[in-house]
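Have a look at input.txt below; it lists compact mmCIF, C-alpha atoms and all ligand atoms.
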```
# COMPACT_ATOMS: atom_id res chain seq x y z
CA MET A 29 65.47 169.87 157.57
CA THR A 30 67.43 166.80 158.51
CA CYS A 31 70.84 165.83 157.38
CA THR A 32 73.18 163.05 158.21
CA VAL A 33 76.29 163.84 160.13
CA THR A 34 79.10 161.43 160.62
CA LEU A 35 81.40 162.23 163.46
CA SER A 36 84.86 160.91 163.58
CA LYS A 37 87.54 162.21 165.86
CA GLY A 38 87.71 165.89 165.13
CA ALA A 39 85.94 165.77 161.78
CA VAL A 40 82.39 165.80 160.54
CA THR A 41 80.86 165.46 157.13
CA LEU A 42 77.46 166.85 156.33
CA SER A 43 75.53 165.48 153.41
CA ALA A 44 72.14 166.24 151.93
CA ALA A 45 72.38 169.64 153.52
CA GLU A 46 71.82 172.80 151.56
CA GLY A 47 73.40 176.15 151.96
CA SER A 48 75.87 177.09 154.61
CA PHE A 49 75.60 176.72 158.33
CA PRO A 50 77.69 179.27 160.18
CA ILE A 51 76.64 177.71 163.46
CA VAL A 52 74.68 174.55 163.84
CA THR A 53 73.42 173.28 167.13
CA PRO A 54 72.08 169.81 166.66
CA SER A 55 69.21 169.14 168.99
CA GLU A 56 69.00 165.42 168.50
CA VAL A 57 71.93 163.12 168.23
CA GLU A 58 71.52 159.38 168.23
CA GLY A 59 73.40 157.99 171.13
CA SER A 60 72.74 161.31 172.89
CA PHE A 61 76.04 162.99 172.29
CA PRO A 62 75.65 166.72 172.51
CA CYS A 63 77.96 168.40 170.05
CA THR A 64 78.57 171.67 168.32
CA VAL A 65 79.35 171.81 164.66
CA THR A 66 81.64 174.57 163.55
CA PRO A 67 82.05 174.72 159.81
CA SER A 68 85.56 175.56 158.75
CA GLU A 69 84.49 177.49 155.68
CA VAL A 70 82.16 180.41 155.34
CA GLU A 71 80.09 179.17 152.44
CA GLY A 72 79.41 175.73 151.06
CA SER A 73 81.07 174.56 154.21
CA PHE A 74 81.68 170.88 153.68
CA PRO A 75 83.42 169.22 155.31
CA CYS A 76 83.57 171.10 158.57
CA THR A 77 85.07 170.43 161.92
CA VAL A 78 83.18 169.37 164.96
CA THR A 79 83.98 170.00 168.55
CA PRO A 80 82.32 167.21 170.41
CA SER A 81 82.13 167.79 174.08
CA ALA A 82 82.07 164.19 175.12
CA VAL A 83 82.80 162.14 172.04
CA GLU A 84 85.56 159.67 171.53
CA GLY A 85 86.15 157.37 168.63
CA SER A 86 84.06 157.40 165.52
CA PHE A 87 80.36 156.72 165.10
CA PRO A 88 77.49 157.63 162.79
CA CYS A 89 74.77 159.84 164.16
CA THR A 90 71.68 161.60 162.90
CA VAL A 91 71.26 165.25 163.55
CA THR A 92 68.16 167.33 163.11
CA LEU A 93 69.12 170.79 162.11
CA SER A 94 66.39 172.51 164.04
CA GLU A 95 68.37 175.53 165.08
CA VAL A 96 70.30 177.04 162.28
CA GLU A 97 71.68 180.49 162.62
CA GLY A 98 72.95 182.64 159.83
CA SER A 99 72.14 182.90 156.18
CA PHE A 100 71.36 180.31 153.56
CA PRO A 101 72.63 181.08 150.10
CA GLY A 102 69.47 179.36 148.98
CA GLN A 103 68.36 176.07 147.51
CA ARG A 104 70.57 176.44 144.50
CA GLY A 105 73.91 175.66 145.99
CA SER A 106 76.76 177.70 147.24
CA PRO A 107 78.14 180.64 145.29
CA MET A 108 81.55 179.11 145.97
CA GLY A 109 80.37 175.85 144.47
CA VAL A 110 82.47 173.38 142.58
CA ASP A 111 81.45 170.32 140.59
CA LEU A 112 84.09 168.17 138.94
CA HIS A 113 81.91 165.60 137.18
CA LEU A 114 79.43 166.79 134.54
CA HIS A 115 78.16 165.40 131.25
CA SER A 116 77.04 167.26 128.15
CA ASN A 117 75.42 165.99 124.97
CA ALA A 118 78.92 165.33 123.64
CA SER A 119 78.24 162.04 125.43
CA ASP A 120 74.95 161.12 127.08
CA GLY A 121 74.02 164.38 128.80
CA HIS A 122 71.01 166.49 127.85
CA TYR A 123 72.56 169.95 127.54
CA SER A 124 75.05 171.17 124.99
CA PRO A 125 78.45 172.07 126.46
CA ALA A 126 77.66 175.80 126.25
CA GLU A 127 74.18 175.36 127.79
CA LEU A 128 75.70 173.33 130.60
CA VAL A 129 78.28 176.01 131.40
CA HIS A 130 75.61 178.73 131.46
CA LEU A 131 73.34 176.61 133.64
CA ALA A 132 76.21 175.81 136.01
CA ALA A 133 77.10 179.49 136.36
CA LYS A 134 73.46 180.34 137.04
CA SER A 135 73.36 177.60 139.69
CA GLY A 136 76.21 179.27 141.56
CA LEU A 137 79.04 177.00 140.44
CA THR A 138 82.40 178.67 139.87
CA ILE A 139 84.69 175.75 139.00
CA ILE A 140 83.40 172.85 136.94
CA ALA A 141 84.90 170.01 134.97
CA LEU A 142 83.34 168.62 131.83
CA THR A 143 83.88 164.85 131.93
CA ASP A 144 82.01 163.29 129.04
CA HIS A 145 82.15 159.54 128.50
CA ASP A 146 85.04 158.57 126.26
CA SER A 147 84.94 161.95 124.55
CA THR A 148 86.64 165.33 124.68
CA GLU A 149 84.48 166.75 121.92
CA GLY A 150 82.52 169.15 124.12
CA ILE A 151 85.51 170.73 125.86
CA THR A 152 86.37 173.43 123.34
CA ARG A 153 82.76 174.64 123.28
CA ALA A 154 82.51 174.54 127.08
CA MET A 155 85.69 176.58 127.45
CA GLU A 156 84.55 179.09 124.86
CA ALA A 157 81.29 179.53 126.75
CA ALA A 158 83.17 179.95 130.04
CA ARG A 159 85.27 182.72 128.51
CA THR A 160 82.12 184.80 128.09
CA ILE A 161 81.18 184.39 131.77
CA SER A 162 83.50 185.92 134.34
CA THR A 163 82.35 183.78 137.27
CA ILE A 164 83.09 180.28 136.03
CA LYS A 165 86.14 178.22 135.12
CA VAL A 166 86.08 174.95 133.19
CA ILE A 167 88.61 172.20 133.80
CA PRO A 168 88.99 169.92 130.76
CA GLY A 169 88.17 166.33 131.64
CA VAL A 170 87.01 162.96 130.42
CA GLU A 171 85.42 159.86 131.96
CA ILE A 172 86.68 156.58 130.60
CA GLY A 173 84.60 153.45 130.98
CA THR A 174 86.60 150.34 131.79
CA ASP A 175 85.69 146.70 131.82
CA VAL A 176 85.83 144.59 134.93
CA PRO A 177 84.02 141.30 135.62
CA HIS A 178 81.64 142.82 138.17
CA GLY A 179 80.59 146.36 138.99
CA GLU A 180 81.63 149.52 137.20
CA VAL A 181 85.04 151.13 137.21
CA HIS A 182 85.12 154.57 135.60
CA LEU A 183 88.24 156.65 135.39
CA LEU A 184 88.17 160.44 135.36
CA GLY A 185 91.01 162.30 133.69
CA TYR A 186 91.51 165.97 134.54
CA PHE A 187 93.62 168.57 132.73
CA ILE A 188 94.10 166.16 129.85
CA ASP A 189 95.51 167.51 126.63
CA TYR A 190 92.12 167.31 124.95
CA ARG A 191 93.59 168.24 121.59
CA SER A 192 95.93 165.25 121.64
CA GLU A 193 95.39 163.23 118.46
CA GLU A 194 96.57 160.07 120.13
CA LEU A 195 94.06 160.46 122.98
CA ASN A 196 91.18 161.30 120.67
CA ARG A 197 92.01 158.41 118.34
CA LYS A 198 91.90 155.97 121.28
CA LEU A 199 88.68 157.47 122.63
CA ALA A 200 87.10 157.24 119.16
CA LYS A 201 88.01 153.56 119.07
CA LEU A 202 86.27 153.03 122.41
CA ARG A 203 83.14 154.84 121.20
CA GLU A 204 83.20 152.85 117.98
CA SER A 205 83.29 149.60 119.92
CA ARG A 206 80.24 150.81 121.80
CA LEU A 207 78.39 151.40 118.53
CA THR A 208 79.25 147.97 117.19
CA ARG A 209 78.14 146.54 120.48
CA ALA A 210 74.79 148.35 120.36
CA THR A 211 74.00 147.08 116.86
CA ARG A 212 74.91 143.56 117.93
CA MET A 213 72.63 143.82 120.96
CA ILE A 214 69.78 145.05 118.76
CA ALA A 215 70.30 142.02 116.50
CA LYS A 216 70.22 139.70 119.51
CA LEU A 217 67.05 141.36 120.77
CA TYR A 218 65.46 140.84 117.34
CA ASN A 219 66.16 137.12 117.60
CA LEU A 220 64.45 137.17 120.99
CA GLY A 221 61.34 138.74 119.46
CA VAL A 222 62.12 142.32 120.47
CA ASP A 223 62.04 144.50 117.37
CA ILE A 224 63.53 147.94 117.96
CA GLU A 225 65.05 150.17 115.34
CA TRP A 226 68.70 151.15 115.29
CA LYS A 227 67.66 154.52 113.88
CA ARG A 228 65.45 155.22 116.90
CA VAL A 229 68.21 154.18 119.32
CA GLN A 230 70.61 156.58 117.59
CA GLU A 231 68.01 159.36 117.77
CA LEU A 232 67.63 158.77 121.50
CA ALA A 233 71.39 159.00 121.97
CA GLY A 234 71.50 162.31 120.07
CA SER A 235 75.04 163.37 119.36
CA GLY A 236 76.29 161.39 122.32
CA SER A 237 77.51 157.82 122.45
CA VAL A 238 74.93 155.08 122.22
CA GLY A 239 74.52 153.09 125.39
CA ARG A 240 72.30 150.47 126.92
CA PRO A 241 69.96 153.12 128.43
CA HIS A 242 69.04 154.22 124.90
CA ILE A 243 68.26 150.64 123.90
CA ALA A 244 66.12 150.29 127.03
CA GLN A 245 64.30 153.52 126.19
CA ALA A 246 63.51 152.24 122.66
CA MET A 247 62.18 148.98 124.17
CA LEU A 248 60.08 150.96 126.62
CA GLU A 249 58.60 153.11 123.84
CA LYS A 250 57.50 150.03 121.95
CA GLY A 251 55.99 148.46 125.06
CA TYR A 252 58.29 145.43 125.24
CA ILE A 253 59.09 146.24 128.84
CA ALA A 254 57.44 148.23 131.60
CA SER A 255 60.59 149.75 133.12
CA PHE A 256 64.29 150.30 132.54
CA LYS A 257 64.98 147.79 135.25
CA GLU A 258 63.04 145.13 133.38
CA ALA A 259 65.10 145.77 130.23
CA PHE A 260 68.29 145.15 132.17
CA ASP A 261 66.95 142.24 134.24
CA ARG A 262 65.44 140.35 131.31
CA TYR A 263 67.55 141.33 128.32
CA ILE A 264 70.54 143.64 128.32
CA GLY A 265 71.95 143.33 131.83
CA ARG A 266 75.31 141.61 132.16
CA GLU A 267 73.60 138.23 132.63
CA GLY A 268 70.91 138.92 130.03
CA PRO A 269 70.52 136.96 126.75
CA ALA A 270 71.01 140.07 124.59
CA TYR A 271 74.06 141.38 126.42
CA VAL A 272 77.21 141.96 124.36
CA GLU A 273 80.58 142.69 125.90
CA ARG A 274 82.44 145.61 124.40
CA GLU A 275 86.10 145.99 123.58
CA LYS A 276 87.87 145.80 126.88
CA MET A 277 89.87 148.50 128.51
CA SER A 278 91.23 147.65 131.93
CA PRO A 279 91.23 150.24 134.72
CA GLU A 280 95.05 150.23 134.60
CA GLU A 281 94.98 150.95 130.86
CA ALA A 282 92.59 153.85 131.46
CA VAL A 283 94.96 155.31 134.08
CA ALA A 284 97.82 154.97 131.58
CA LEU A 285 95.76 156.63 128.85
CA VAL A 286 95.01 159.64 131.08
CA LEU A 287 98.67 159.94 132.12
CA GLU A 288 99.83 159.72 128.49
CA ALA A 289 97.48 162.59 127.69
CA GLY A 290 99.09 164.67 130.44
CA GLY A 291 96.07 164.30 132.72
CA LEU A 292 95.45 163.50 136.38
CA PRO A 293 93.69 160.13 136.80
CA VAL A 294 90.97 159.96 139.46
CA LEU A 295 88.72 157.00 140.27
CA ALA A 296 85.06 157.99 139.71
CA HIS A 297 82.21 156.99 142.05
CA PRO A 298 84.27 154.34 143.90
CA GLY A 299 81.05 152.96 145.39
CA THR A 300 80.40 151.07 142.13
CA ALA A 301 83.85 149.48 142.04
CA PRO A 302 84.28 145.90 143.21
CA GLU A 303 86.98 145.02 145.75
CA LEU A 304 87.87 148.65 146.15
CA THR A 305 90.92 148.33 148.40
CA ASP A 306 92.57 145.83 146.04
CA LEU A 307 91.70 147.98 143.04
CA LEU A 308 93.14 151.11 144.66
CA GLY A 309 96.38 149.29 145.40
CA ARG A 310 96.69 148.28 141.75
CA LEU A 311 95.66 151.67 140.37
CA LYS A 312 97.92 153.59 142.73
CA LYS A 313 100.82 151.58 141.31
CA ALA A 314 99.63 152.45 137.81
CA GLY A 315 99.67 156.17 138.69
CA LEU A 316 96.23 156.98 140.13
CA LEU A 317 96.24 160.37 141.85
CA GLY A 318 92.74 160.90 143.21
CA LEU A 319 89.47 159.47 144.47
CA GLU A 320 85.99 160.92 143.93
CA ALA A 321 84.82 160.73 147.54
CA TYR A 322 81.99 163.27 147.21
CA TYR A 323 79.53 161.89 144.70
CA ALA A 324 75.94 162.85 143.94
CA LYS A 325 73.77 161.53 146.78
CA SER A 326 76.44 159.56 148.65
CA PRO A 327 75.58 159.27 152.33
CA ALA A 328 77.94 160.89 154.81
CA PRO A 329 79.36 157.66 156.28
CA GLU A 330 80.31 156.55 152.74
CA ILE A 331 82.04 159.89 152.08
CA THR A 332 83.94 159.61 155.35
CA ARG A 333 85.01 156.05 154.51
CA LEU A 334 86.26 157.12 151.07
CA ILE A 335 88.16 160.12 152.42
CA GLN A 336 89.92 157.77 154.83
CA LEU A 337 90.74 155.37 151.98
CA ALA A 338 92.09 158.26 149.89
CA ARG A 339 94.33 159.23 152.80
CA ASN A 340 95.58 155.67 153.22
CA PHE A 341 96.56 155.52 149.56
CA GLY A 342 97.96 159.04 149.36
CA LEU A 343 95.28 160.21 146.90
CA ILE A 344 93.62 163.60 146.66
CA VAL A 345 89.86 163.79 147.22
CA THR A 346 87.60 165.10 144.48
CA GLY A 347 83.85 165.43 144.10
CA GLY A 348 81.17 165.71 141.48
CA SER A 349 77.46 165.31 140.88
CA ASP A 350 77.64 163.21 137.66
CA PHE A 351 74.89 165.52 136.39
CA HIS A 352 73.43 164.47 133.03
CA GLY A 353 70.31 166.66 132.97
CA ILE A 354 68.30 163.63 131.86
CA ASN A 355 66.18 162.48 134.77
CA ALA A 356 65.04 165.02 137.34
CA ASP A 357 63.58 162.26 139.55
CA PHE A 358 66.96 160.66 140.18
CA GLU A 359 69.46 163.43 139.73
CA VAL A 360 70.59 166.03 142.21
CA PRO A 361 69.97 169.43 140.55
CA LEU A 362 73.03 171.23 139.30
CA GLY A 363 74.86 173.11 142.04
CA GLU A 364 73.23 171.22 144.91
CA THR A 365 75.76 168.49 145.55
CA PRO A 366 77.80 169.60 148.56
CA ILE A 367 81.41 169.46 147.41
CA PRO A 368 84.17 171.19 149.37
CA ARG A 369 86.03 173.86 147.49
CA GLU A 370 89.30 172.12 148.39
CA CYS A 371 88.35 169.37 145.95
CA ALA A 372 88.94 171.83 143.12
CA SER A 373 91.82 173.75 144.69
CA ASP A 374 93.73 170.54 145.57
CA LEU A 375 93.25 169.24 142.04
CA ILE A 376 94.44 172.49 140.49
CA ALA A 377 97.40 172.68 142.88
CA LEU A 378 98.42 169.11 142.04
CA ALA A 379 98.15 169.81 138.31
CA GLN A 380 100.40 172.83 138.75
CA LYS A 381 102.86 170.93 140.90
CA LEU A 382 103.11 168.18 138.29
CA GLY A 383 103.55 170.78 135.58
CA ARG A 384 100.47 169.70 133.68
CA PRO A 385 99.43 172.10 130.95
CA ASN A 386 96.40 174.15 131.83
CA ASN A 387 95.02 173.79 128.31
CA GLU A 388 93.19 177.06 128.36
ZN ZN A 401 80.57 156.99 135.65
ZN ZN A 402 79.78 160.30 134.85
```
Take the structure I supplied and represent it as structure tokens, if you would.
Ligand SMILES: [Zn+2]
Ligand SMILES: [Zn+2]
Amino acid sequence: MTCTVTLSKGAVTLSAAEGSFPIVTPSEVEGSFPCTVTPSEVEGSFPCTVTPSAVEGSFPCTVTLSEVEGSFPGQRGSPMGVDLHLHSNASDGHYSPAELVHLAAKSGLTIIALTDHDSTEGITRAMEAARTISTIKVIPGVEIGTDVPHGEVHLLGYFIDYRSEELNRKLAKLRESRLTRATRMIAKLYNLGVDIEWKRVQELAGSGSVGRPHIAQAMLEKGYIASFKEAFDRYIGREGPAYVEREKMSPEEAVALVLEAGGLPVLAHPGTAPELTDLLGRLKKAGLLGLEAYYAKSPAPEITRLIQLARNFGLIVTGGSDFHGINADFEVPLGETPIPRECASDLIALAQKLGRPNNE
């Protein structure tokens, strides 16, 4: 098995690695730097520390894990696993909140956060399910979509008061604007000779919020396009003739919304955000508290870069898979995204320090 290791002075991040590595002796290092990797944690040991024998400065290297001693908890993730970014069918995920919690527990996860798009509707059911399983804890969360000229800026809110009427009213308004937008896009498509049914699009979205992927799926089913990419490139992408902008929420407004609901705002998958350093400066001022540095299949150098950015801005580091349970070809299976346990413990500690309600 190969995995990518990024060495910086005194620190190493392993990605795409499975299980735990009590002692790893890399046999091949680009740039021929012999080094020994000593994980700092027993299980799910990411990140770990490295003791390079002759390494100064920071550089990316590739390591072939040919000699691995010790046990592997298996392909299904660490029994100490955490995952702070999951979707249920309360938004656009496949599994119901209860199914998701059961599946997560079976996959070895012990602390998870349910972060549906613009919705807290699945949280009560997820927490009820978690109460019947002794090994798993659910942190209430939400992921708020914001509108920026380029790229995607999504805001995660943890430990929000998910029963807050004010929060749920605002989230409902956001979802509503998505619905209106979808019907308007379908009308535009019709004028372009693409005849898909609103009813079918709603069916595809299930109980979750309707989005462009569901429109693309309906187009695909009727043979108007050959791939999702084509739907976005030719029709419903930002530059496409059937694209409709939805009601805007700025990233700063999303941070404020999370704070008002007693939550901890964290920037999701920063890799999709444009002009990240600028954005972080603005969001930090607005009250941002964390950065999702560990994300799905992010390569190790990217994780290292984001951890450094988080440090520079005084933000905690979180991590999540963004699991939807929709597309096995693209998604990392539940429990297999290497996320350090500190991501959860730091988040919980910060929530306690700030006196946020636990909402359990
Ligand atoms: Zn997102
Ligand atoms: Zn997400």
At a cut-off of 8 Å and counting all atoms listed in the file, what residues surround ligand ZN 401 (chain A)? Please answer as an MDAnalysis selection string.
chainID A and resid 145 171:173 180:183 296:297 350
Residues within 12 Å of ligand ZN 402 (chain A) should be enumerated using only C-alpha atoms and all ligand atoms and returned as a PyMOL selection string.
chain A and resi 111-116+119-121+141-147+169-173+180-185+295-298+300+320+323-324+347-353+359
For a quick check of understanding, using all atoms listed in the file, which of A:Ala379, A:Val229, A:Val129, A:Ala282 has the smallest distance to Ile243 of chain A?
A:Val229
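If you look at atom CA of Met277 of chain A and atom CA of Pro168 of chain A, they are 21.6 Å away from each other.
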Report as JSON the centre and the edge lengths, in Å to one decimal, of the axis-aligned box holding every listed atom of segment 185-198 of chain A, padded by 4 Å on each side.
```
{"center_x": 93.8, "center_y": 162.3, "center_z": 126.4, "size_x": 13.6, "size_y": 20.6, "size_z": 24.2}
```
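Take atom CA of Met247 of chain A and atom CA of Met213 of chain A: the distance between them is 12.1 Å.
With distances taken over all atoms listed in the file, A:Tyr271 is the one residue among A:Tyr271, A:Phe341, A:Tyr123, A:Phe358 lying closest to Leu217 of chain A.
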Taking (60.6, 152.6, 131.3) in the file's coordinates as the center, which residues reach within 12 Å of it, counting all atoms listed in the file, put as an mmCIF file with C-alpha atoms, keeping the file's coordinate frame?
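Contents of the output file part24.cif:
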```
data_model
loop_
_atom_site.group_PDB
_atom_site.id
_atom_site.type_symbol
_atom_site.label_atom_id
_atom_site.label_comp_id
_atom_site.auth_asym_id
_atom_site.auth_seq_id
_atom_site.Cartn_x
_atom_site.Cartn_y
_atom_site.Cartn_z
ATOM 1 C CA PRO A 241 69.960 153.120 128.430
ATOM 2 C CA HIS A 242 69.040 154.220 124.900
ATOM 3 C CA ILE A 243 68.260 150.640 123.900
ATOM 4 C CA ALA A 244 66.120 150.290 127.030
ATOM 5 C CA GLN A 245 64.300 153.520 126.190
ATOM 6 C CA ALA A 246 63.510 152.240 122.660
ATOM 7 C CA MET A 247 62.180 148.980 124.170
ATOM 8 C CA LEU A 248 60.080 150.960 126.620
ATOM 9 C CA GLU A 249 58.600 153.110 123.840
ATOM 10 C CA LYS A 250 57.500 150.030 121.950
ATOM 11 C CA GLY A 251 55.990 148.460 125.060
ATOM 12 C CA TYR A 252 58.290 145.430 125.240
ATOM 13 C CA ILE A 253 59.090 146.240 128.840
ATOM 14 C CA ALA A 254 57.440 148.230 131.600
ATOM 15 C CA SER A 255 60.590 149.750 133.120
ATOM 16 C CA PHE A 256 64.290 150.300 132.540
ATOM 17 C CA LYS A 257 64.980 147.790 135.250
ATOM 18 C CA GLU A 258 63.040 145.130 133.380
ATOM 19 C CA ALA A 259 65.100 145.770 130.230
ATOM 20 C CA PHE A 260 68.290 145.150 132.170
ATOM 21 C CA ASN A 355 66.180 162.480 134.770
#
```
Counting all atoms listed in the file, closest pick from A:Lys134, A:His122, A:Arg197, A:Lys216 relative to Thr148 of chain A is A:Arg197
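For the pair atom CA of Val110 of chain A and atom CA of Pro368 of chain A, the separation is 7.3 Å.
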Given all atoms listed in the file as the basis, pick out the residue of A:Leu285, A:Leu375, A:Ile224, A:Leu362 nearest to Leu131 of chain A.
A:Leu362
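For the choices A:Leu307, A:Ala321, A:Leu232, A:Leu292, the atom-to-atom distance to Pro279 of chain A is smallest for A:Leu307 when using all atoms listed in the file.
Each of A:Arg274, A:Gly363, A:Thr305, A:Pro293 was compared to Gln336 of chain A using all atoms listed in the file, and A:Thr305 turns out to be the nearest.
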